[in-house]
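Participant: Got a file for you: target-v5.pdb, PDB, C-alpha atoms, pLDDT in the B column.
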```pdb
ATOM      1  CA  MET N  19      13.450 -21.259 -17.613  1.00 43.00           C
ATOM      2  CA  SER N  20      14.941 -20.034 -20.864  1.00 57.00           C
ATOM      3  CA  SER N  21      17.832 -17.596 -20.583  1.00 81.00           C
ATOM      4  CA  THR N  22      15.806 -15.218 -22.744  1.00 90.00           C
ATOM      5  CA  PRO N  23      13.578 -13.161 -20.444  1.00 95.00           C
ATOM      6  CA  HIS N  24       9.846 -13.403 -21.030  1.00 96.00           C
ATOM      7  CA  ALA N  25       7.320 -10.660 -20.391  1.00 97.00           C
ATOM      8  CA  VAL N  26       3.541 -10.816 -20.376  1.00 98.00           C
ATOM      9  CA  VAL N  27       2.302  -7.430 -21.604  1.00 98.00           C
ATOM     10  CA  THR N  28      -1.339  -6.377 -21.817  1.00 98.00           C
ATOM     11  CA  GLY N  29      -2.850  -3.800 -24.146  1.00 97.00           C
ATOM     12  CA  VAL N  30      -0.367  -4.460 -26.953  1.00 96.00           C
ATOM     13  CA  SER N  31      -2.669  -3.521 -29.836  1.00 94.00           C
ATOM     14  CA  SER N  32      -1.866   0.210 -29.596  1.00 93.00           C
ATOM     15  CA  GLY N  33      -0.567   3.047 -27.469  1.00 94.00           C
ATOM     16  CA  ILE N  34       1.636   2.472 -24.452  1.00 96.00           C
ATOM     17  CA  GLY N  35       1.250  -1.318 -24.481  1.00 96.00           C
ATOM     18  CA  ALA N  36       2.351  -1.542 -28.108  1.00 95.00           C
ATOM     19  CA  SER N  37       5.365   0.662 -27.397  1.00 96.00           C
ATOM     20  CA  ILE N  38       6.347  -1.464 -24.404  1.00 97.00           C
ATOM     21  CA  ALA N  39       6.106  -4.676 -26.431  1.00 96.00           C
ATOM     22  CA  ARG N  40       8.176  -3.152 -29.227  1.00 95.00           C
ATOM     23  CA  THR N  41      10.802  -1.768 -26.851  1.00 96.00           C
ATOM     24  CA  LEU N  42      11.233  -5.043 -24.970  1.00 97.00           C
ATOM     25  CA  SER N  43      11.417  -6.979 -28.222  1.00 95.00           C
ATOM     26  CA  GLY N  44      14.214  -4.696 -29.370  1.00 94.00           C
ATOM     27  CA  ARG N  45      16.118  -5.569 -26.208  1.00 95.00           C
ATOM     28  CA  GLY N  46      15.904  -9.300 -26.799  1.00 94.00           C
ATOM     29  CA  TRP N  47      12.856 -10.149 -24.716  1.00 96.00           C
ATOM     30  CA  HIS N  48      10.233 -12.680 -25.685  1.00 95.00           C
ATOM     31  CA  VAL N  49       6.821 -11.068 -25.332  1.00 96.00           C
ATOM     32  CA  THR N  50       3.403 -12.624 -24.860  1.00 96.00           C
ATOM     33  CA  GLY N  51       0.929  -9.901 -25.731  1.00 97.00           C
ATOM     34  CA  LEU N  52      -2.666  -9.801 -24.521  1.00 98.00           C
ATOM     35  CA  SER N  53      -5.258  -7.538 -26.125  1.00 97.00           C
ATOM     36  CA  ARG N  54      -8.717  -7.620 -27.607  1.00 96.00           C
ATOM     37  CA  THR N  55      -7.502  -6.494 -31.048  1.00 94.00           C
ATOM     38  CA  ARG N  56      -4.619  -8.139 -32.873  1.00 93.00           C
ATOM     39  CA  PRO N  57      -1.574  -5.851 -33.197  1.00 91.00           C
ATOM     40  CA  GLU N  58      -0.605  -4.830 -36.719  1.00 84.00           C
ATOM     41  CA  HIS N  59       3.078  -5.524 -36.096  1.00 80.00           C
ATOM     42  CA  GLY N  60       5.368  -7.558 -33.870  1.00 76.00           C
ATOM     43  CA  PHE N  61       3.296 -10.693 -33.357  1.00 83.00           C
ATOM     44  CA  GLU N  62       3.414 -12.355 -36.765  1.00 73.00           C
ATOM     45  CA  ASP N  63       2.789 -16.105 -36.906  1.00 68.00           C
ATOM     46  CA  GLY N  64       5.979 -18.066 -36.470  1.00 60.00           C
ATOM     47  CA  GLY N  65       7.908 -15.244 -34.800  1.00 67.00           C
ATOM     48  CA  PRO N  66       9.465 -15.229 -31.333  1.00 72.00           C
ATOM     49  CA  HIS N  67       6.496 -13.434 -29.819  1.00 91.00           C
ATOM     50  CA  ARG N  68       2.991 -14.651 -29.162  1.00 94.00           C
ATOM     51  CA  TRP N  69      -0.288 -12.771 -29.207  1.00 95.00           C
ATOM     52  CA  ILE N  70      -3.405 -13.989 -27.404  1.00 96.00           C
ATOM     53  CA  GLY N  71      -6.710 -12.332 -28.110  1.00 96.00           C
ATOM     54  CA  VAL N  72      -8.695 -11.632 -24.947  1.00 97.00           C
ATOM     55  CA  ASP N  73     -11.045  -8.945 -23.719  1.00 97.00           C
ATOM     56  CA  LEU N  74      -9.311  -7.699 -20.563  1.00 98.00           C
ATOM     57  CA  ALA N  75     -12.721  -6.576 -19.278  1.00 97.00           C
ATOM     58  CA  ASP N  76     -13.806 -10.229 -19.183  1.00 98.00           C
ATOM     59  CA  THR N  77     -12.380 -11.322 -15.849  1.00 97.00           C
ATOM     60  CA  GLN N  78     -13.305 -14.973 -16.355  1.00 98.00           C
ATOM     61  CA  ALA N  79     -11.655 -15.073 -19.785  1.00 98.00           C
ATOM     62  CA  VAL N  80      -8.455 -13.632 -18.331  1.00 98.00           C
ATOM     63  CA  SER N  81      -8.539 -16.192 -15.541  1.00 98.00           C
ATOM     64  CA  ASP N  82      -9.070 -19.029 -18.015  1.00 97.00           C
ATOM     65  CA  LEU N  83      -5.946 -18.201 -20.037  1.00 97.00           C
ATOM     66  CA  VAL N  84      -3.513 -17.776 -17.133  1.00 97.00           C
ATOM     67  CA  ASP N  85      -2.579 -21.454 -17.063  1.00 95.00           C
ATOM     68  CA  GLU N  86      -1.581 -21.447 -20.732  1.00 93.00           C
ATOM     69  CA  LEU N  87       0.836 -18.536 -20.378  1.00 96.00           C
ATOM     70  CA  PRO N  88       4.558 -19.345 -20.212  1.00 94.00           C
ATOM     71  CA  ASP N  89       6.288 -18.676 -16.913  1.00 96.00           C
ATOM     72  CA  PRO N  90       7.149 -14.961 -16.961  1.00 97.00           C
ATOM     73  CA  HIS N  91      10.078 -12.971 -15.729  1.00 97.00           C
ATOM     74  CA  SER N  92       7.933  -9.839 -15.840  1.00 98.00           C
ATOM     75  CA  ILE N  93       4.302  -8.747 -16.073  1.00 98.00           C
ATOM     76  CA  VAL N  94       3.398  -5.335 -17.482  1.00 98.00           C
ATOM     77  CA  HIS N  95      -0.261  -4.346 -17.300  1.00 98.00           C
ATOM     78  CA  ALA N  96      -0.774  -1.513 -19.777  1.00 98.00           C
ATOM     79  CA  ALA N  97      -4.319  -2.159 -21.025  1.00 97.00           C
ATOM     80  CA  GLY N  98      -6.632   0.738 -20.351  1.00 95.00           C
ATOM     81  CA  VAL N  99      -9.712   2.696 -21.306  1.00 95.00           C
ATOM     82  CA  GLN N 100     -10.967   6.089 -20.207  1.00 93.00           C
ATOM     83  CA  ARG N 101     -14.542   7.212 -19.692  1.00 93.00           C
ATOM     84  CA  SER N 102     -15.264  10.667 -18.319  1.00 93.00           C
ATOM     85  CA  GLY N 103     -18.266  12.164 -16.570  1.00 94.00           C
ATOM     86  CA  ARG N 104     -19.199  14.669 -13.904  1.00 95.00           C
ATOM     87  CA  LEU N 105     -21.515  14.149 -10.969  1.00 97.00           C
ATOM     88  CA  GLY N 106     -25.079  13.832 -12.137  1.00 97.00           C
ATOM     89  CA  THR N 107     -24.061  12.069 -15.353  1.00 95.00           C
ATOM     90  CA  LEU N 108     -21.991   9.107 -14.075  1.00 96.00           C
ATOM     91  CA  ASP N 109     -22.686   5.748 -15.696  1.00 97.00           C
ATOM     92  CA  PRO N 110     -22.057   2.761 -13.367  1.00 97.00           C
ATOM     93  CA  ALA N 111     -21.330   0.601 -16.416  1.00 97.00           C
ATOM     94  CA  HIS N 112     -18.335   2.797 -17.251  1.00 97.00           C
ATOM     95  CA  SER N 113     -17.000   2.416 -13.739  1.00 97.00           C
ATOM     96  CA  GLU N 114     -17.363  -1.359 -13.879  1.00 98.00           C
ATOM     97  CA  GLN N 115     -15.667  -1.555 -17.285  1.00 98.00           C
ATOM     98  CA  MET N 116     -12.657   0.464 -16.143  1.00 98.00           C
ATOM     99  CA  TRP N 117     -12.380  -1.455 -12.878  1.00 98.00           C
ATOM    100  CA  ARG N 118     -12.360  -4.771 -14.717  1.00 98.00           C
ATOM    101  CA  ILE N 119      -9.698  -3.650 -17.208  1.00 98.00           C
ATOM    102  CA  HIS N 120      -7.439  -1.652 -14.921  1.00 98.00           C
ATOM    103  CA  VAL N 121      -7.714  -3.487 -11.608  1.00 98.00           C
ATOM    104  CA  ALA N 122      -9.350  -6.912 -11.939  1.00 98.00           C
ATOM    105  CA  ALA N 123      -7.270  -7.974 -14.958  1.00 98.00           C
ATOM    106  CA  ALA N 124      -4.061  -7.048 -13.124  1.00 98.00           C
ATOM    107  CA  GLU N 125      -5.261  -8.871 -10.034  1.00 98.00           C
ATOM    108  CA  VAL N 126      -6.059 -12.078 -11.910  1.00 98.00           C
ATOM    109  CA  LEU N 127      -2.811 -12.084 -13.887  1.00 98.00           C
ATOM    110  CA  VAL N 128      -0.473 -11.380 -10.987  1.00 98.00           C
ATOM    111  CA  ASP N 129      -2.377 -13.677  -8.629  1.00 98.00           C
ATOM    112  CA  GLY N 130      -2.117 -16.538 -11.092  1.00 98.00           C
ATOM    113  CA  LEU N 131       1.451 -15.938 -12.249  1.00 98.00           C
ATOM    114  CA  ALA N 132       3.339 -14.673  -9.189  1.00 98.00           C
ATOM    115  CA  SER N 133       4.202 -18.159  -7.951  1.00 97.00           C
ATOM    116  CA  ARG N 134       5.582 -18.999 -11.412  1.00 97.00           C
ATOM    117  CA  MET N 135       7.696 -15.863 -11.776  1.00 97.00           C
ATOM    118  CA  ALA N 136      11.433 -16.135 -11.493  1.00 91.00           C
ATOM    119  CA  ASP N 137      12.969 -14.715  -8.336  1.00 97.00           C
ATOM    120  CA  GLY N 138      14.134 -11.219  -9.179  1.00 97.00           C
ATOM    121  CA  GLY N 139      11.211 -10.709 -11.540  1.00 98.00           C
ATOM    122  CA  ARG N 140       9.264  -7.524 -12.153  1.00 98.00           C
ATOM    123  CA  VAL N 141       5.678  -6.319 -12.124  1.00 98.00           C
ATOM    124  CA  VAL N 142       4.793  -2.916 -13.578  1.00 98.00           C
ATOM    125  CA  LEU N 143       1.281  -1.483 -13.646  1.00 98.00           C
ATOM    126  CA  ILE N 144       0.519   1.486 -15.876  1.00 98.00           C
ATOM    127  CA  GLY N 145      -1.353   3.996 -13.753  1.00 98.00           C
ATOM    128  CA  SER N 146      -2.087   7.638 -14.404  1.00 96.00           C
ATOM    129  CA  ARG N 147      -1.035  11.057 -13.156  1.00 95.00           C
ATOM    130  CA  THR N 148      -4.754  11.643 -12.512  1.00 94.00           C
ATOM    131  CA  MET N 149      -4.635   9.210  -9.570  1.00 95.00           C
ATOM    132  CA  THR N 150      -4.715  12.110  -7.087  1.00 94.00           C
ATOM    133  CA  GLY N 151      -8.001  13.424  -8.493  1.00 95.00           C
ATOM    134  CA  VAL N 152      -9.273  15.329 -11.524  1.00 94.00           C
ATOM    135  CA  ALA N 153     -12.683  16.916 -11.937  1.00 95.00           C
ATOM    136  CA  GLY N 154     -14.810  14.943 -14.363  1.00 95.00           C
ATOM    137  CA  LYS N 155     -12.720  11.775 -14.114  1.00 95.00           C
ATOM    138  CA  SER N 156     -13.729  10.370 -10.723  1.00 97.00           C
ATOM    139  CA  GLN N 157     -14.461   6.860 -12.001  1.00 97.00           C
ATOM    140  CA  TYR N 158     -11.224   6.647 -13.989  1.00 96.00           C
ATOM    141  CA  VAL N 159      -9.283   8.103 -11.067  1.00 97.00           C
ATOM    142  CA  ALA N 160     -10.767   5.550  -8.682  1.00 98.00           C
ATOM    143  CA  THR N 161      -9.446   2.643 -10.725  1.00 98.00           C
ATOM    144  CA  LYS N 162      -6.018   4.136 -11.354  1.00 98.00           C
ATOM    145  CA  SER N 163      -5.503   5.165  -7.737  1.00 98.00           C
ATOM    146  CA  ALA N 164      -6.399   1.624  -6.672  1.00 98.00           C
ATOM    147  CA  LEU N 165      -3.336   0.348  -8.537  1.00 98.00           C
ATOM    148  CA  VAL N 166      -1.036   2.253  -6.196  1.00 98.00           C
ATOM    149  CA  GLY N 167      -2.221   0.523  -3.039  1.00 98.00           C
ATOM    150  CA  MET N 168      -2.390  -2.823  -4.776  1.00 98.00           C
ATOM    151  CA  ALA N 169       1.160  -2.508  -6.098  1.00 98.00           C
ATOM    152  CA  ARG N 170       2.566  -1.551  -2.703  1.00 98.00           C
ATOM    153  CA  SER N 171       0.803  -4.501  -1.080  1.00 98.00           C
ATOM    154  CA  TRP N 172       2.172  -6.913  -3.659  1.00 98.00           C
ATOM    155  CA  ALA N 173       5.643  -5.388  -3.319  1.00 98.00           C
ATOM    156  CA  MET N 174       5.551  -6.232   0.398  1.00 98.00           C
ATOM    157  CA  GLU N 175       4.476  -9.799  -0.319  1.00 98.00           C
ATOM    158  CA  LEU N 176       7.097 -10.435  -3.010  1.00 98.00           C
ATOM    159  CA  VAL N 177      10.093  -8.523  -1.643  1.00 98.00           C
ATOM    160  CA  SER N 178      11.644 -11.630  -0.067  1.00 98.00           C
ATOM    161  CA  ARG N 179      11.953 -13.123  -3.562  1.00 98.00           C
ATOM    162  CA  GLY N 180      13.542 -10.016  -5.024  1.00 98.00           C
ATOM    163  CA  ILE N 181      10.481  -9.356  -7.200  1.00 98.00           C
ATOM    164  CA  THR N 182       9.742  -5.661  -7.578  1.00 98.00           C
ATOM    165  CA  VAL N 183       6.287  -4.148  -8.112  1.00 98.00           C
ATOM    166  CA  ASN N 184       5.870  -0.565  -9.286  1.00 98.00           C
ATOM    167  CA  VAL N 185       3.420   1.794 -10.963  1.00 98.00           C
ATOM    168  CA  VAL N 186       4.352   4.071 -13.857  1.00 98.00           C
ATOM    169  CA  ALA N 187       1.872   6.950 -13.946  1.00 97.00           C
ATOM    170  CA  PRO N 188       1.979   8.969 -17.181  1.00 96.00           C
ATOM    171  CA  GLY N 189       0.336  12.297 -17.799  1.00 89.00           C
ATOM    172  CA  PRO N 190      -1.517  12.959 -21.090  1.00 85.00           C
ATOM    173  CA  THR N 191       0.096  10.581 -23.564  1.00 81.00           C
ATOM    174  CA  ASP N 192      -0.195  10.788 -27.333  1.00 80.00           C
ATOM    175  CA  THR N 193      -2.148   7.563 -27.884  1.00 78.00           C
ATOM    176  CA  PRO N 194      -5.578   6.738 -29.346  1.00 77.00           C
ATOM    177  CA  MET N 195      -7.015   7.047 -25.810  1.00 69.00           C
ATOM    178  CA  LEU N 196      -6.204  10.765 -25.904  1.00 72.00           C
ATOM    179  CA  HIS N 197      -8.752  11.171 -28.677  1.00 70.00           C
ATOM    180  CA  ASP N 198     -11.315   8.632 -27.462  1.00 70.00           C
ATOM    181  CA  PRO N 199     -14.868  10.038 -27.725  1.00 70.00           C
ATOM    182  CA  GLY N 200     -15.536   8.475 -24.312  1.00 64.00           C
ATOM    183  CA  ARG N 201     -13.467  11.222 -22.687  1.00 62.00           C
ATOM    184  CA  VAL N 202     -14.987  14.134 -24.579  1.00 65.00           C
ATOM    185  CA  ALA N 203     -16.068  15.717 -21.276  1.00 66.00           C
ATOM    186  CA  THR N 204     -12.427  16.158 -20.261  1.00 72.00           C
ATOM    187  CA  PRO N 205     -10.370  17.222 -23.295  1.00 78.00           C
ATOM    188  CA  PRO N 206      -6.587  16.838 -22.871  1.00 79.00           C
ATOM    189  CA  ILE N 207      -4.490  19.801 -21.798  1.00 83.00           C
ATOM    190  CA  THR N 208      -0.915  20.147 -23.048  1.00 88.00           C
ATOM    191  CA  PRO N 209       1.544  19.739 -20.136  1.00 85.00           C
ATOM    192  CA  PRO N 210       3.709  22.694 -19.032  1.00 85.00           C
ATOM    193  CA  LEU N 211       6.766  21.286 -20.806  1.00 84.00           C
ATOM    194  CA  GLY N 212       4.876  21.948 -24.040  1.00 86.00           C
ATOM    195  CA  HIS N 213       4.256  18.447 -25.367  1.00 88.00           C
ATOM    196  CA  PHE N 214       2.178  15.359 -24.749  1.00 87.00           C
ATOM    197  CA  ILE N 215       4.043  12.324 -23.451  1.00 89.00           C
ATOM    198  CA  ASP N 216       5.313  10.024 -26.181  1.00 93.00           C
ATOM    199  CA  PRO N 217       4.374   6.380 -25.478  1.00 95.00           C
ATOM    200  CA  ASP N 218       7.964   5.386 -26.230  1.00 95.00           C
ATOM    201  CA  GLU N 219       9.054   7.539 -23.282  1.00 96.00           C
ATOM    202  CA  VAL N 220       6.799   5.514 -21.002  1.00 97.00           C
ATOM    203  CA  ALA N 221       8.098   2.295 -22.551  1.00 97.00           C
ATOM    204  CA  GLU N 222      11.681   3.319 -21.787  1.00 98.00           C
ATOM    205  CA  THR N 223      10.773   3.943 -18.140  1.00 98.00           C
ATOM    206  CA  VAL N 224       9.182   0.513 -17.954  1.00 98.00           C
ATOM    207  CA  ALA N 225      12.214  -1.066 -19.635  1.00 98.00           C
ATOM    208  CA  PHE N 226      14.460   0.508 -17.019  1.00 98.00           C
ATOM    209  CA  LEU N 227      12.347  -0.898 -14.181  1.00 98.00           C
ATOM    210  CA  LEU N 228      12.553  -4.339 -15.822  1.00 98.00           C
ATOM    211  CA  SER N 229      16.318  -4.095 -16.267  1.00 97.00           C
ATOM    212  CA  PRO N 230      18.965  -5.143 -13.713  1.00 96.00           C
ATOM    213  CA  HIS N 231      19.374  -1.453 -12.858  1.00 97.00           C
ATOM    214  CA  GLY N 232      15.772  -1.318 -11.609  1.00 97.00           C
ATOM    215  CA  ARG N 233      16.254  -3.970  -8.944  1.00 97.00           C
ATOM    216  CA  SER N 234      16.268  -1.514  -6.005  1.00 98.00           C
ATOM    217  CA  ILE N 235      12.989   0.254  -6.857  1.00 98.00           C
ATOM    218  CA  THR N 236       9.852  -1.376  -5.504  1.00 98.00           C
ATOM    219  CA  GLY N 237       6.497  -0.274  -4.138  1.00 98.00           C
ATOM    220  CA  GLN N 238       6.862   3.078  -5.885  1.00 98.00           C
ATOM    221  CA  THR N 239       4.820   5.216  -8.265  1.00 98.00           C
ATOM    222  CA  ILE N 240       6.842   7.015 -10.919  1.00 97.00           C
ATOM    223  CA  VAL N 241       4.955  10.003 -12.327  1.00 97.00           C
ATOM    224  CA  GLN N 242       5.914  10.887 -15.907  1.00 94.00           C
ATOM    225  CA  CYS N 243       3.739  13.863 -16.745  1.00 86.00           C
ATOM    226  CA  GLY N 244       5.645  16.615 -18.552  1.00 86.00           C
ATOM    227  CA  GLY N 245       5.202  18.931 -15.585  1.00 86.00           C
ATOM    228  CA  THR N 246       1.432  18.512 -15.279  1.00 88.00           C
ATOM    229  CA  SER N 247       1.806  17.776 -11.563  1.00 85.00           C
ATOM    230  CA  LEU N 248       3.639  21.038 -10.878  1.00 84.00           C
TER     231      LEU N 248
END
```
When written as structure tokens, how does the structure in this file appear?

Facilitator:
Amino acid sequence: MSSTPHAVVTGVSSGIGASIARTLSGRGWHVTGLSRTRPEHGFEDGGPHRWIGVDLADTQAVSDLVDELPDPHSIVHAAGVQRSGRLGTLDPAHSEQMWRIHVAAAEVLVDGLASRMADGGRVVLIGSRTMTGVAGKSQYVATKSALVGMARSWAMELVSRGITVNVVAPGPTDTPMLHDPGRVATPPITPPLGHFIDPDEVAETVAFLLSPHGRSITGQTIVQCGGTSL
């Protein structure tokens, strides 16, 4: 493998995924970005980074592209969508969409790439502080809470190779998702510390987990919520 570390990052068109791609690039990583929409910056033709357009909700499409991805040192699954609804109004299609993006896409990517990862590699899944339950977000919560058990299981399977697997679970983060009409039933509440989470803060946490200093953290969920969990 090249001495330059390579990360596969999903959801790079905006929000947390874009911040992660930008942060890793600034630290000398090569980034392969996966998203449905092409990012405005960072993946220009001829540059060191590569963008692949794919709908992360299309499980077969994600599976089809795994073989063409370069061997990664790290995988960061940041793609996400939020749909809200209370009992009596739940739409099964919303649940299926979120499951495919949050859980199935991660499953396909890590399943297909784990054997090609360098020993000592990293997997980080972007979860959510809501994983313990929030009224009106049961479908979203179900998919995000699933990441915790999945990550711990993978951490057990990969620990002998020094590969760590963790979840970073932000609270309300200042991204386009915060203002998505699909979550109108559950408007965001400012955390007790008085500010929404900046996506760059989440990116820095991920960068730490991917760094040599993160080698002893595995199977964990790091909640970054501005005091919302208090």

Participant: Taking all atoms listed in the file into account, which of N:Met135, N:Ile235, N:Ala225, N:Val26 comes nearest Thr182 of chain N?

Facilitator: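 Ranking N:Met135, N:Ile235, N:Ala225, N:Val26 by distance to Thr182 of chain N, first place goes to N:Ile235.
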
Participant: Would you write out, as a ChimeraX atom specification, every residue that the PyMOL selection byres ((chain N and resi 39-43) around 10) captures in this file?

Facilitator: /N:23-32,34-38,44-51,59-61,66-67,94,218,221-222,224-225,228

Participant: Kindly extract all protein, DNA and RNA residues lying within 12 Å of the coordinates (17.0, -1.3, -11.1) given in the file, considering only C-alpha atoms, and supply them as a PDB file with C-alpha atoms, in the frame of the given file.

Facilitator:
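What follows is the written file part19.pdb:
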```pdb
ATOM      1  CA  GLY N 138      14.134 -11.219  -9.179  1.00 97.00           C
ATOM      2  CA  GLY N 139      11.211 -10.709 -11.540  1.00 98.00           C
ATOM      3  CA  ARG N 140       9.264  -7.524 -12.153  1.00 98.00           C
ATOM      4  CA  GLY N 180      13.542 -10.016  -5.024  1.00 98.00           C
ATOM      5  CA  ILE N 181      10.481  -9.356  -7.200  1.00 98.00           C
ATOM      6  CA  THR N 182       9.742  -5.661  -7.578  1.00 98.00           C
ATOM      7  CA  VAL N 183       6.287  -4.148  -8.112  1.00 98.00           C
ATOM      8  CA  ASN N 184       5.870  -0.565  -9.286  1.00 98.00           C
ATOM      9  CA  THR N 223      10.773   3.943 -18.140  1.00 98.00           C
ATOM     10  CA  VAL N 224       9.182   0.513 -17.954  1.00 98.00           C
ATOM     11  CA  ALA N 225      12.214  -1.066 -19.635  1.00 98.00           C
ATOM     12  CA  PHE N 226      14.460   0.508 -17.019  1.00 98.00           C
ATOM     13  CA  LEU N 227      12.347  -0.898 -14.181  1.00 98.00           C
ATOM     14  CA  LEU N 228      12.553  -4.339 -15.822  1.00 98.00           C
ATOM     15  CA  SER N 229      16.318  -4.095 -16.267  1.00 97.00           C
ATOM     16  CA  PRO N 230      18.965  -5.143 -13.713  1.00 96.00           C
ATOM     17  CA  HIS N 231      19.374  -1.453 -12.858  1.00 97.00           C
ATOM     18  CA  GLY N 232      15.772  -1.318 -11.609  1.00 97.00           C
ATOM     19  CA  ARG N 233      16.254  -3.970  -8.944  1.00 97.00           C
ATOM     20  CA  SER N 234      16.268  -1.514  -6.005  1.00 98.00           C
ATOM     21  CA  ILE N 235      12.989   0.254  -6.857  1.00 98.00           C
ATOM     22  CA  THR N 236       9.852  -1.376  -5.504  1.00 98.00           C
TER      23      THR N 236
END
```

Participant: Which residues are near Met116 of chain N? Cut-off 8 Å, all atoms listed in the file, ignore same chain within fewer than 2 positions. Put them as a list in words.

Facilitator: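 Returned residues: Ala75, Gly98, Val99, Gln100, Arg101, His112, Ser113, Glu114, Arg118, Ile119, His120, Val121, Gln157, Tyr158 and Thr161 of chain N.
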
Participant: Give me the result of the PyMOL selection byres ((chain N and resi 131) around 9) on this file, residue by residue, as an MDAnalysis selection string.

Facilitator: chainID N and resid 84:85 87 89:90 93 126:130 132:135

Participant: On this structure, the PyMOL selection byres ((chain N and resi 143-150) around 6) would catch which residues? List them as a PDB file with C-alpha atoms, keeping the file's coordinate frame, sorted by chain and number.

Facilitator:
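Here's the written file selection-v3.pdb:
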```pdb
ATOM      1  CA  VAL N  94       3.398  -5.335 -17.482  1.00 98.00           C
ATOM      2  CA  HIS N  95      -0.261  -4.346 -17.300  1.00 98.00           C
ATOM      3  CA  ALA N  96      -0.774  -1.513 -19.777  1.00 98.00           C
ATOM      4  CA  VAL N 142       4.793  -2.916 -13.578  1.00 98.00           C
ATOM      5  CA  GLY N 151      -8.001  13.424  -8.493  1.00 95.00           C
ATOM      6  CA  VAL N 152      -9.273  15.329 -11.524  1.00 94.00           C
ATOM      7  CA  VAL N 159      -9.283   8.103 -11.067  1.00 97.00           C
ATOM      8  CA  LYS N 162      -6.018   4.136 -11.354  1.00 98.00           C
ATOM      9  CA  SER N 163      -5.503   5.165  -7.737  1.00 98.00           C
ATOM     10  CA  VAL N 185       3.420   1.794 -10.963  1.00 98.00           C
ATOM     11  CA  VAL N 186       4.352   4.071 -13.857  1.00 98.00           C
ATOM     12  CA  ALA N 187       1.872   6.950 -13.946  1.00 97.00           C
ATOM     13  CA  PRO N 188       1.979   8.969 -17.181  1.00 96.00           C
ATOM     14  CA  GLY N 189       0.336  12.297 -17.799  1.00 89.00           C
TER      15      GLY N 189
END
```

Participant: Which distance in Å separates atom CA of Ile207 of chain N and atom CA of Gly154 of chain N, to one decimal?

Facilitator: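 So the two atoms, atom CA of Ile207 of chain N and atom CA of Gly154 of chain N, lie 13.6 Å apart.
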
Participant: Can you work out which one of N:Val166, N:Asp76, N:Ala136, N:Pro194 has the shortest atom-to-atom distance to Arg179 of chain N, counting all atoms listed in the file?

Facilitator: N:Ala136

Participant: By how many Å are atom CA of Asp82 of chain N and atom CA of Val141 of chain N apart?

Facilitator: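 Going from atom CA of Asp82 of chain N over to atom CA of Val141 of chain N, I get 20.3 Å.
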
Participant: Which one of N:Pro57, N:Gly103, N:Pro88, N:Pro217 sits closest to Pro199 of chain N if you count all atoms listed in the file?

Facilitator: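 Of N:Pro57, N:Gly103, N:Pro88, N:Pro217, the one nearest Pro199 of chain N is N:Gly103, counting all atoms listed in the file.
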
Participant: Restricting the calculation to all atoms listed in the file, which member of N:Ile215, N:Leu105, N:Val80, N:Leu52 is positioned closest to Thr246 of chain N?

Facilitator: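 Closest candidate: N:Ile215.
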